[in-house]
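So this one's entry.txt, compact mmCIF, C-alpha atoms:
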# COMPACT_ATOMS: atom_id res chain seq x y z
CA MET A 76 -43.99 -25.09 17.13
CA ASN A 77 -41.92 -27.88 15.57
CA ALA A 78 -41.27 -25.65 12.55
CA ILE A 79 -39.89 -22.90 14.84
CA LYS A 80 -37.63 -25.41 16.62
CA THR A 81 -36.37 -26.71 13.27
CA LEU A 82 -35.66 -23.17 12.05
CA PHE A 83 -33.83 -22.36 15.30
CA ILE A 84 -31.63 -25.47 14.97
CA LEU A 85 -30.87 -24.63 11.34
CA LEU A 86 -29.85 -21.07 12.30
CA ILE A 87 -27.48 -22.37 14.97
CA PHE A 88 -26.03 -24.89 12.52
CA TRP A 89 -25.57 -22.22 9.82
CA SER A 90 -23.96 -19.76 12.27
CA ASN A 91 -21.48 -22.39 13.42
CA TYR A 92 -20.78 -23.34 9.80
CA ILE A 93 -20.05 -19.72 8.85
CA LEU A 94 -17.81 -19.23 11.88
CA GLY A 95 -15.97 -22.43 10.99
CA GLN A 96 -15.26 -21.13 7.49
CA LYS A 97 -13.48 -17.95 8.63
CA SER A 98 -9.70 -17.82 8.61
CA MET A 99 -8.19 -17.14 12.01
CA ILE A 100 -4.94 -16.47 13.84
CA LYS A 101 -4.45 -17.52 17.46
CA GLY A 102 -1.32 -16.27 19.19
CA ASN A 103 0.43 -16.80 22.50
CA ILE A 104 3.47 -14.54 22.88
CA LYS A 105 5.00 -14.56 26.36
CA GLY A 106 6.13 -11.09 27.39
CA LEU A 107 3.39 -9.22 25.53
CA ASN A 108 1.15 -9.38 28.63
CA ASN A 109 -1.79 -6.94 28.24
CA ASP A 110 -0.86 -4.94 25.18
CA SER A 111 -2.21 -3.76 21.85
CA LEU A 112 -0.71 -4.67 18.48
CA ILE A 113 -0.90 -2.72 15.24
CA VAL A 114 -2.05 -4.73 12.21
CA LYS A 115 -1.14 -3.54 8.72
CA TYR A 116 -2.66 -5.63 5.98
CA LEU A 117 -3.04 -5.93 2.24
CA LYS A 118 -5.64 -7.92 0.34
CA PRO A 119 -3.91 -9.00 -2.91
CA ASN A 120 -7.23 -9.32 -4.77
CA GLU A 121 -8.16 -5.75 -3.79
CA SER A 122 -4.84 -3.89 -3.47
CA PHE A 123 -3.02 -5.08 -6.58
CA LYS A 124 -5.38 -3.75 -9.22
CA TYR A 125 -4.81 -1.53 -12.23
CA GLY A 126 -4.40 2.15 -11.42
CA LYS A 127 -4.19 1.72 -7.64
CA MET A 128 -1.46 2.90 -5.31
CA ILE A 129 -0.61 -0.04 -3.04
CA ARG A 130 -1.68 1.07 0.42
CA SER A 131 -2.06 -1.06 3.51
CA LYS A 132 -5.02 -0.76 5.84
CA THR A 133 -4.71 -0.83 9.62
CA ASP A 134 -6.41 -2.58 12.48
CA THR A 135 -5.73 -3.26 16.17
CA ILE A 136 -5.37 -6.51 18.12
CA TYR A 137 -5.81 -6.45 21.88
CA VAL A 138 -3.66 -8.86 23.86
CA LYS A 139 -4.59 -10.35 27.24
CA ASN A 140 -1.93 -12.23 29.19
CA GLY A 141 0.07 -12.67 25.98
CA LYS A 142 -2.83 -14.27 24.10
CA PHE A 143 -4.70 -12.84 21.13
CA THR A 144 -7.04 -13.82 18.30
CA TYR A 145 -7.46 -12.24 14.87
CA THR A 146 -10.29 -13.24 12.54
CA ASN A 147 -10.43 -12.40 8.84
CA ILE A 148 -14.14 -11.63 8.45
CA ASP A 149 -13.98 -11.44 4.64
CA ASN A 150 -12.27 -14.84 4.48
CA GLU A 151 -10.08 -13.96 1.51
CA PRO A 152 -6.27 -14.01 1.09
CA ILE A 153 -4.63 -11.37 3.24
CA ILE A 154 -1.02 -10.33 3.95
CA LEU A 155 -0.47 -9.13 7.52
CA GLU A 156 2.27 -7.38 9.48
CA ILE A 157 1.43 -7.56 13.19
CA GLN A 158 3.59 -5.00 14.96
CA SER A 159 4.55 -4.48 18.57
CA LYS A 160 5.51 -0.94 19.57
CA LEU A 161 8.87 0.06 21.07
CA LYS A 162 9.26 3.18 23.19
CA LYS A 163 11.86 5.79 22.19
CA LEU A 164 13.80 8.20 24.36
CA ASP A 165 11.77 11.18 23.17
CA GLY A 166 8.59 9.59 24.46
CA GLY A 167 7.40 8.42 21.05
CA SER A 168 7.20 4.86 19.79
CA THR A 169 8.44 2.93 16.77
CA THR A 170 8.00 -0.48 15.15
CA ARG A 171 10.78 -2.49 13.51
CA GLU A 172 11.05 -5.78 11.62
CA SER A 173 12.46 -7.64 14.63
CA LEU A 174 9.22 -6.81 16.48
CA GLU A 175 6.88 -7.81 13.63
CA LEU A 176 4.96 -10.98 12.89
CA PHE A 177 4.57 -11.45 9.13
CA LEU A 178 1.75 -13.74 8.03
CA TYR A 179 -0.18 -14.82 4.94
CA LEU A 180 -3.69 -15.79 5.94
CA GLN A 181 -5.62 -17.70 3.29
CA PRO A 182 -9.32 -18.68 3.24
CA ASN A 183 -10.32 -21.12 6.00
CA GLU A 184 -6.79 -21.29 7.43
CA LYS A 185 -6.28 -21.59 11.16
CA ILE A 186 -2.82 -20.35 12.13
CA LYS A 187 -1.21 -20.85 15.54
CA ILE A 188 1.64 -18.65 16.77
CA LYS A 189 3.81 -19.32 19.80
CA GLY A 190 6.77 -17.31 20.97
CA HIS A 191 8.25 -14.80 23.36
CA LYS A 192 9.02 -11.10 23.34
CA GLU A 193 12.23 -9.46 24.51
CA LYS A 194 12.95 -5.73 24.52
CA THR A 195 14.00 -5.45 20.87
CA PHE A 196 12.59 -8.57 19.22
CA ILE A 197 9.89 -11.22 19.09
CA ASP A 198 10.91 -14.81 18.40
CA TYR A 199 8.05 -17.04 17.31
CA THR A 200 7.02 -20.16 15.41
CA VAL A 201 4.04 -20.59 13.08
CA GLU A 202 1.82 -23.61 12.39
CA GLY A 203 -0.97 -24.04 9.86
CA SER A 204 0.25 -22.01 6.86
CA GLU A 205 2.82 -23.10 4.30
CA ILE A 206 3.70 -19.58 3.19
CA SER A 207 3.85 -18.16 6.72
CA GLU A 208 6.03 -21.07 7.84
CA ASP A 209 8.41 -20.36 4.94
CA PHE A 210 8.65 -16.71 5.92
CA ASN A 211 9.25 -17.64 9.55
CA ARG A 212 12.09 -19.93 8.46
CA LEU A 213 13.67 -17.04 6.51
CA ARG A 214 13.06 -14.62 9.38
CA LYS A 215 14.81 -16.86 11.91
CA SER A 216 17.94 -16.87 9.74
CA LYS A 217 17.77 -13.04 9.61
CA LEU A 218 16.78 -12.45 13.24
CA PRO A 219 20.27 -11.54 14.59
CA LEU A 220 20.56 -9.00 11.76
CA LEU A 221 17.07 -7.62 12.43
CA ILE A 222 17.80 -7.27 16.16
CA GLU A 223 21.06 -5.43 15.43
CA SER A 224 19.22 -3.08 13.05
CA THR A 225 16.51 -2.32 15.63
CA GLU A 226 19.17 -1.50 18.21
CA LEU A 227 20.91 0.74 15.67
CA TYR A 228 17.65 2.57 14.97
CA LEU A 229 17.23 3.18 18.70
CA ILE A 230 20.80 4.45 18.96
CA ARG A 231 20.23 6.81 16.02
CA ASP A 232 16.93 8.07 17.50
CA THR A 233 18.71 8.77 20.78
CA MET A 234 21.57 10.56 19.01
CA ARG A 235 19.10 12.75 17.12
CA PHE A 236 17.19 13.49 20.33
CA LYS A 237 20.43 14.56 22.05
CA LYS A 238 21.52 16.53 18.94
CA VAL A 239 24.74 14.57 18.48
CA ASP A 240 27.09 15.59 15.66
CA LYS A 241 25.63 14.73 12.24
CA LEU A 242 28.76 12.88 11.13
CA GLU A 243 28.36 10.44 14.03
CA ILE A 244 24.71 9.91 13.13
CA GLU A 245 25.67 9.26 9.49
CA LYS A 246 28.01 6.44 10.62
CA VAL A 247 25.07 4.69 12.29
CA SER A 248 22.86 5.34 9.24
CA LYS A 249 25.53 3.78 7.02
CA LYS A 250 25.53 0.61 9.13
CA ILE A 251 21.70 0.49 9.01
CA LYS A 252 21.89 0.72 5.19
CA GLU A 253 24.48 -2.09 5.09
CA ASN A 254 22.17 -4.29 7.16
CA TRP A 255 19.24 -3.46 4.86
CA ASP A 256 21.27 -4.48 1.80
CA LEU A 257 22.31 -7.70 3.54
CA SER A 258 18.67 -8.44 4.38
CA LEU A 259 17.73 -8.07 0.69
CA LYS A 260 20.64 -10.36 -0.23
CA MET A 261 19.33 -13.01 2.19
CA ASN A 262 15.92 -12.68 0.52
CA SER A 263 17.59 -13.34 -2.84
CA GLU A 264 19.38 -16.41 -1.46
CA PHE A 265 16.05 -17.79 -0.23
CA ILE A 266 14.48 -17.07 -3.64
CA ASP A 267 17.23 -18.92 -5.53
CA SER A 268 16.59 -22.07 -3.48
CA ASN A 269 12.79 -21.84 -3.32
CA TRP A 270 11.24 -21.15 -6.72
CA ASP A 271 8.31 -23.40 -5.76
CA SER A 272 7.51 -21.48 -2.56
CA HIS A 273 4.42 -19.25 -2.50
CA LEU A 274 6.51 -16.74 -0.55
CA THR A 275 8.96 -16.23 -3.43
CA PRO A 276 6.77 -13.87 -5.58
CA TYR A 277 6.27 -11.59 -2.59
CA LEU A 278 10.02 -11.50 -1.87
CA LEU A 279 10.76 -10.80 -5.55
CA TRP A 280 8.26 -7.93 -5.46
CA TYR A 281 9.74 -6.65 -2.19
CA ASN A 282 13.25 -6.80 -3.69
CA GLY A 283 12.14 -5.10 -6.93
CA GLN A 284 12.95 -8.20 -9.03
CA LEU A 285 9.51 -9.66 -9.78
CA TYR A 286 9.14 -8.53 -13.40
CA LYS A 287 12.66 -9.62 -14.29
CA GLU A 288 12.46 -13.05 -12.62
CA HIS A 289 8.78 -14.05 -12.70
CA LYS A 290 9.23 -16.59 -15.52
CA LYS A 291 11.36 -18.76 -13.19
CA LEU A 292 8.39 -19.36 -10.91
CA SER A 293 6.68 -22.77 -11.01
CA ASN A 294 3.15 -22.97 -12.44
CA ARG A 295 1.82 -23.80 -8.98
CA VAL A 296 3.25 -20.58 -7.58
CA ARG A 297 2.50 -18.50 -10.68
CA ASN A 298 -1.21 -19.29 -10.33
CA GLY A 299 -1.28 -19.31 -6.54
CA VAL A 300 -2.19 -16.77 -3.87
CA ASN A 301 0.23 -14.17 -5.26
CA LYS A 302 -1.14 -14.22 -8.80
CA PRO A 303 -2.66 -10.70 -8.37
CA ILE A 304 0.77 -9.34 -7.38
CA ILE A 305 2.52 -11.03 -10.31
CA ASP A 306 -0.09 -9.88 -12.85
CA PHE A 307 -0.04 -6.36 -11.39
CA GLU A 308 3.74 -6.05 -11.70
CA ILE A 309 3.86 -7.39 -15.26
CA GLU A 310 1.10 -4.99 -16.31
CA ARG A 311 2.76 -2.07 -14.50
CA LYS A 312 6.08 -2.58 -16.29
CA LYS A 313 4.42 -2.86 -19.69
CA LEU A 314 2.36 0.24 -19.00
CA ASN A 315 5.45 2.23 -17.99
CA ALA A 316 7.13 1.26 -21.27
CA GLU A 317 4.07 2.44 -23.25
CA LEU A 318 3.94 5.65 -21.22
CA LYS A 319 7.58 6.45 -21.97
CA LYS A 320 6.86 5.90 -25.66
CA ARG A 321 3.87 8.29 -25.55
CA ILE A 322 5.97 10.95 -23.82
CA LYS A 323 8.80 10.55 -26.35
CA GLU A 324 6.34 10.84 -29.26
CA GLY A 325 4.79 13.98 -27.75
CA VAL A 326 1.21 12.70 -27.76
CA ILE A 327 0.35 15.46 -25.25
CA LYS A 328 2.08 18.76 -26.05
CA VAL A 329 1.39 22.49 -26.32
CA GLY A 330 -1.11 23.28 -29.08
CA VAL A 331 -2.77 19.86 -29.36
CA LYS A 332 -6.42 19.30 -28.55
CA ALA A 333 -6.84 18.08 -24.98
CA PRO A 334 -8.35 14.57 -25.05
CA ASN A 335 -11.94 14.52 -23.87
CA PHE A 336 -13.02 12.50 -20.85
CA THR A 337 -15.88 12.09 -18.39
CA LEU A 338 -15.32 11.42 -14.70
CA LYS A 339 -17.41 11.53 -11.53
CA ASP A 340 -16.92 14.52 -9.26
CA ILE A 341 -17.04 14.47 -5.47
CA GLU A 342 -20.83 14.91 -5.56
CA ASN A 343 -21.03 11.88 -7.89
CA ASN A 344 -22.03 14.04 -10.87
CA ASP A 345 -20.53 13.58 -14.35
CA PHE A 346 -17.91 16.09 -15.46
CA THR A 347 -17.07 16.12 -19.19
CA LEU A 348 -14.05 18.20 -20.17
CA HIS A 349 -15.25 19.35 -23.60
CA SER A 350 -18.60 20.46 -22.14
CA ALA A 351 -16.95 22.83 -19.66
CA THR A 352 -17.18 26.56 -20.50
CA TYR A 353 -14.36 28.03 -18.40
CA GLU A 354 -11.96 30.50 -20.05
CA TYR A 355 -9.05 28.49 -18.74
CA MET A 356 -8.78 25.21 -16.86
CA ILE A 357 -5.82 23.79 -15.00
CA LEU A 358 -5.89 20.01 -14.79
CA ASP A 359 -4.17 19.04 -11.55
CA PHE A 360 -3.17 15.36 -11.49
CA TRP A 361 -2.65 14.45 -7.85
CA GLY A 362 -3.29 11.84 -5.14
CA SER A 363 -3.92 11.87 -1.41
CA TRP A 364 -0.83 9.62 -1.09
CA CYS A 365 1.38 12.29 -2.77
CA VAL A 366 3.01 14.60 -0.19
CA PRO A 367 4.16 17.29 -2.72
CA CYS A 368 0.63 17.35 -4.18
CA VAL A 369 -0.93 18.15 -0.81
CA GLN A 370 1.84 20.61 0.09
CA GLY A 371 0.91 22.59 -3.04
CA PHE A 372 -2.69 23.23 -1.95
CA PRO A 373 -2.04 26.49 -0.02
CA LYS A 374 -0.40 28.14 -3.05
CA MET A 375 -3.17 26.84 -5.33
CA LYS A 376 -5.75 28.37 -3.00
CA GLU A 377 -4.01 31.74 -3.34
CA TYR A 378 -4.14 31.56 -7.15
CA TYR A 379 -7.73 30.32 -7.10
CA LYS A 380 -8.79 33.24 -4.93
CA LYS A 381 -6.99 35.71 -7.21
CA TYR A 382 -7.92 34.29 -10.65
CA GLY A 383 -11.02 32.20 -9.88
CA THR A 384 -13.28 34.30 -12.11
CA ARG A 385 -11.18 33.45 -15.18
CA LEU A 386 -10.11 29.88 -14.54
CA GLU A 387 -11.08 26.68 -12.79
CA PHE A 388 -8.80 24.13 -11.21
CA ILE A 389 -9.81 20.55 -12.07
CA GLY A 390 -8.33 18.16 -9.54
CA ILE A 391 -7.97 14.60 -10.86
CA ALA A 392 -7.11 12.07 -8.15
CA CYS A 393 -5.06 9.16 -9.54
CA LYS A 394 -3.90 5.81 -8.12
CA ASP A 395 -6.01 6.52 -5.07
CA ARG A 396 -8.63 4.93 -2.85
CA GLU A 397 -11.94 6.76 -2.99
CA ASP A 398 -12.28 6.98 0.79
CA LYS A 399 -8.76 8.44 1.15
CA TRP A 400 -9.44 10.93 -1.68
CA ARG A 401 -12.67 12.14 -0.07
CA GLN A 402 -11.00 12.44 3.34
CA SER A 403 -8.12 14.46 1.88
CA VAL A 404 -10.41 16.88 -0.01
CA LYS A 405 -12.39 17.50 3.17
CA LYS A 406 -9.34 17.76 5.44
CA HIS A 407 -7.58 20.32 3.23
CA ASP A 408 -10.78 22.21 2.38
CA VAL A 409 -10.18 22.04 -1.37
CA ASN A 410 -13.17 23.81 -2.93
CA TRP A 411 -12.54 23.59 -6.68
CA THR A 412 -13.75 20.79 -8.96
CA GLN A 413 -12.52 17.40 -7.78
CA LEU A 414 -12.69 14.28 -9.96
CA PHE A 415 -11.84 10.66 -9.21
CA ASN A 416 -9.91 8.66 -11.80
CA ASN A 417 -10.98 5.05 -11.24
CA PRO A 418 -9.83 3.09 -14.31
CA LYS A 419 -10.26 -0.61 -14.98
CA ASP A 420 -7.56 -0.58 -17.67
CA LYS A 421 -5.37 1.85 -19.63
CA ASN A 422 -8.20 2.64 -22.07
CA SER A 423 -10.23 4.22 -19.25
CA ASP A 424 -7.22 5.70 -17.43
CA ILE A 425 -7.11 9.50 -17.71
CA SER A 426 -3.54 9.62 -16.37
CA PHE A 427 -2.44 7.33 -19.23
CA LEU A 428 -4.50 9.36 -21.73
CA TYR A 429 -2.57 12.48 -20.67
CA SER A 430 0.82 10.68 -20.40
CA ILE A 431 1.25 11.47 -16.70
CA ASN A 432 4.35 9.89 -15.20
CA MET A 433 4.90 12.07 -12.12
CA TYR A 434 2.79 13.76 -9.48
CA PRO A 435 1.71 16.46 -9.19
CA THR A 436 1.42 17.40 -12.86
CA LYS A 437 -0.56 20.42 -14.08
CA ILE A 438 -1.80 21.10 -17.62
CA ILE A 439 -3.36 24.43 -18.66
CA ILE A 440 -6.24 24.20 -21.16
CA ASN A 441 -7.91 27.17 -22.88
CA LYS A 442 -11.55 27.71 -23.87
CA GLU A 443 -10.98 25.95 -27.21
CA LYS A 444 -9.77 22.89 -25.23
CA ASN A 445 -6.20 23.17 -26.49
CA CYS A 446 -3.22 22.46 -24.24
CA ARG A 447 -1.49 25.79 -23.57
CA CYS A 448 1.15 24.86 -21.01
CA LEU A 449 2.44 21.60 -19.54
Let me see the file written as structure tokens.
Amino acid sequence: MNAIKTLFILLIFWSNYILGQKSMIKGNIKGLNNDSLIVKYLKPNESFKYGKMIRSKTDTIYVKNGKFTYTNIDNEPIILEIQSKLKKLDGGSTTRESLELFLYLQPNEKIKIKGHKEKTFIDYTVEGSEISEDFNRLRKSKLPLLIESTELYLIRDTMRFKKVDKLEIEKVSKKIKENWDLSLKMNSEFIDSNWDSHLTPYLLWYNGQLYKEHKKLSNRVRNGVNKPIIDFEIERKKLNAELKKRIKEGVIKVGVKAPNFTLKDIENNDFTLHSATYEYMILDFWGSWCVPCVQGFPKMKEYYKKYGTRLEFIGIACKDREDKWRQSVKKHDVNWTQLFNNPKDKNSDISFLYSINMYPTKIIINKEKNCRCL
């Protein structure tokens, strides 16, 4: 009996310990009342990896009397945009920066948010996170600009709904673009004064300046929470340079032997190119994230129905998440061979092997495994 009591006490202690180790956000935003918030998040350690398209995941936070809690179950670094929705004239809804809460949640952090919501913006303060506090400081300096931009977006949506003259709409769009450029400039001003802030690498990446400026970062920041983003961007730029060189040298061209590879298909079976016996194959490099790729499926289905006895389409999903790839194949009822390119580096990357720099790209291969048309 004593042993059971001891075990019970240990379980309670362990449960409380685990709960105490989770990172958490507690918010109190007056004006939100009973609402739901959209959460878009990235995990740097997961999202910024070789061969991956950077895609945020989504979640929902339910608010009661302006209060909400969000717990990071995995307890790893996570970048969050918590968005409040704004109704449009056409009955739809939108989210804008002035209505977003941007946060970096690191392991074991407990972040507190206090603020209030008006029609077109949320004003808030953050406690408990150095990087989130830095972003909030920058955001407060930009808030009048963000509010003006949100109001301009609403004006433009209304004008489009009422079918106002396009020239008038373009004037509003021009002002929105000017505000966007000014927002990026304010990011740059923050960067120039805060090279030792953990927020700076993210802003450099957001502004498209990370590769060019990363050497100015302090060692503390360079090896901090944004290290995966920094490493990813450096590797991406180097890879692009190598890819351009391969294309210029004509590594893949008509008449050359198609490089062999083995990838898993959608049934998790191995597919090896040089073992295939089709008269012709069309390698289709695509991704579920690529709109033109998906838009091309209906025409491909027509050709497949007409010529399917003589050729086989070989879909090769690149820079994708496996779950999104599987969902897309099922949704669009794509019934030819589908492979998943999941490289750890350029040596195992089929898109690099075939010098692919745009999507979709199709390569025709004959029975002798020679490239016939690019």
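A distance cut-off of 6 Å around (-16.5, 17.2, -7.1), counting all atoms listed in the file, selects these protein and nucleic acid residues: Asp340, Ile341, Glu342, Thr412, Gln413 and Leu414 of chain A.
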Go ahead and save the residues from that selection, with C-alpha atoms, as an mmCIF file, in the frame of the given file.
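Contents of the output file result.cif:
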data_model
loop_
_atom_site.group_PDB
_atom_site.id
_atom_site.type_symbol
_atom_site.label_atom_id
_atom_site.label_comp_id
_atom_site.auth_asym_id
_atom_site.auth_seq_id
_atom_site.Cartn_x
_atom_site.Cartn_y
_atom_site.Cartn_z
ATOM 1 C CA ASP A 340 -16.920 14.520 -9.260
ATOM 2 C CA ILE A 341 -17.040 14.470 -5.470
ATOM 3 C CA GLU A 342 -20.830 14.910 -5.560
ATOM 4 C CA THR A 412 -13.750 20.790 -8.960
ATOM 5 C CA GLN A 413 -12.520 17.400 -7.780
ATOM 6 C CA LEU A 414 -12.690 14.280 -9.960
#
Of A:Arg130, A:Lys381, A:Lys185, A:Lys97, the one sitting nearest Asp149 in chain A when using all atoms listed in the file is A:Lys97
Set the distance at 9 Å and use all atoms listed in the file: which residues neighbour Arg396 in chain A once local chain neighbours fewer than 5 positions away are removed? I'd like the list as a ChimeraX atom specification. /A:127-128,130,363,401,417
A straight line from CA of Tyr228 in chain A to CA of Ile153 in chain A spans 28.8 Å
Exercise for review: Using all atoms listed in the file, pick whichever of A:Asp306, A:Glu208, A:Asp359, A:Asp420 has the shortest atom-to-atom distance to Ile439 in chain A.
Suggested key: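 Using all atoms listed in the file, the shortest distance to Ile439 in chain A belongs to A:Asp359.
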Please put the answer as AutoDock Vina command-line options: centre and edge lengths, in Å with one decimal, of a box along x, y and z that encloses all listed atoms of range 427-438 of chain A plus 3 Å on each side.
--center_x 0.2 --center_y 14.2 --center_z -15.5 --size_x 15.4 --size_y 19.8 --size_z 18.5
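CA of Leu178 in chain A is positioned 8.8 Å from CA of Val201 in chain A.
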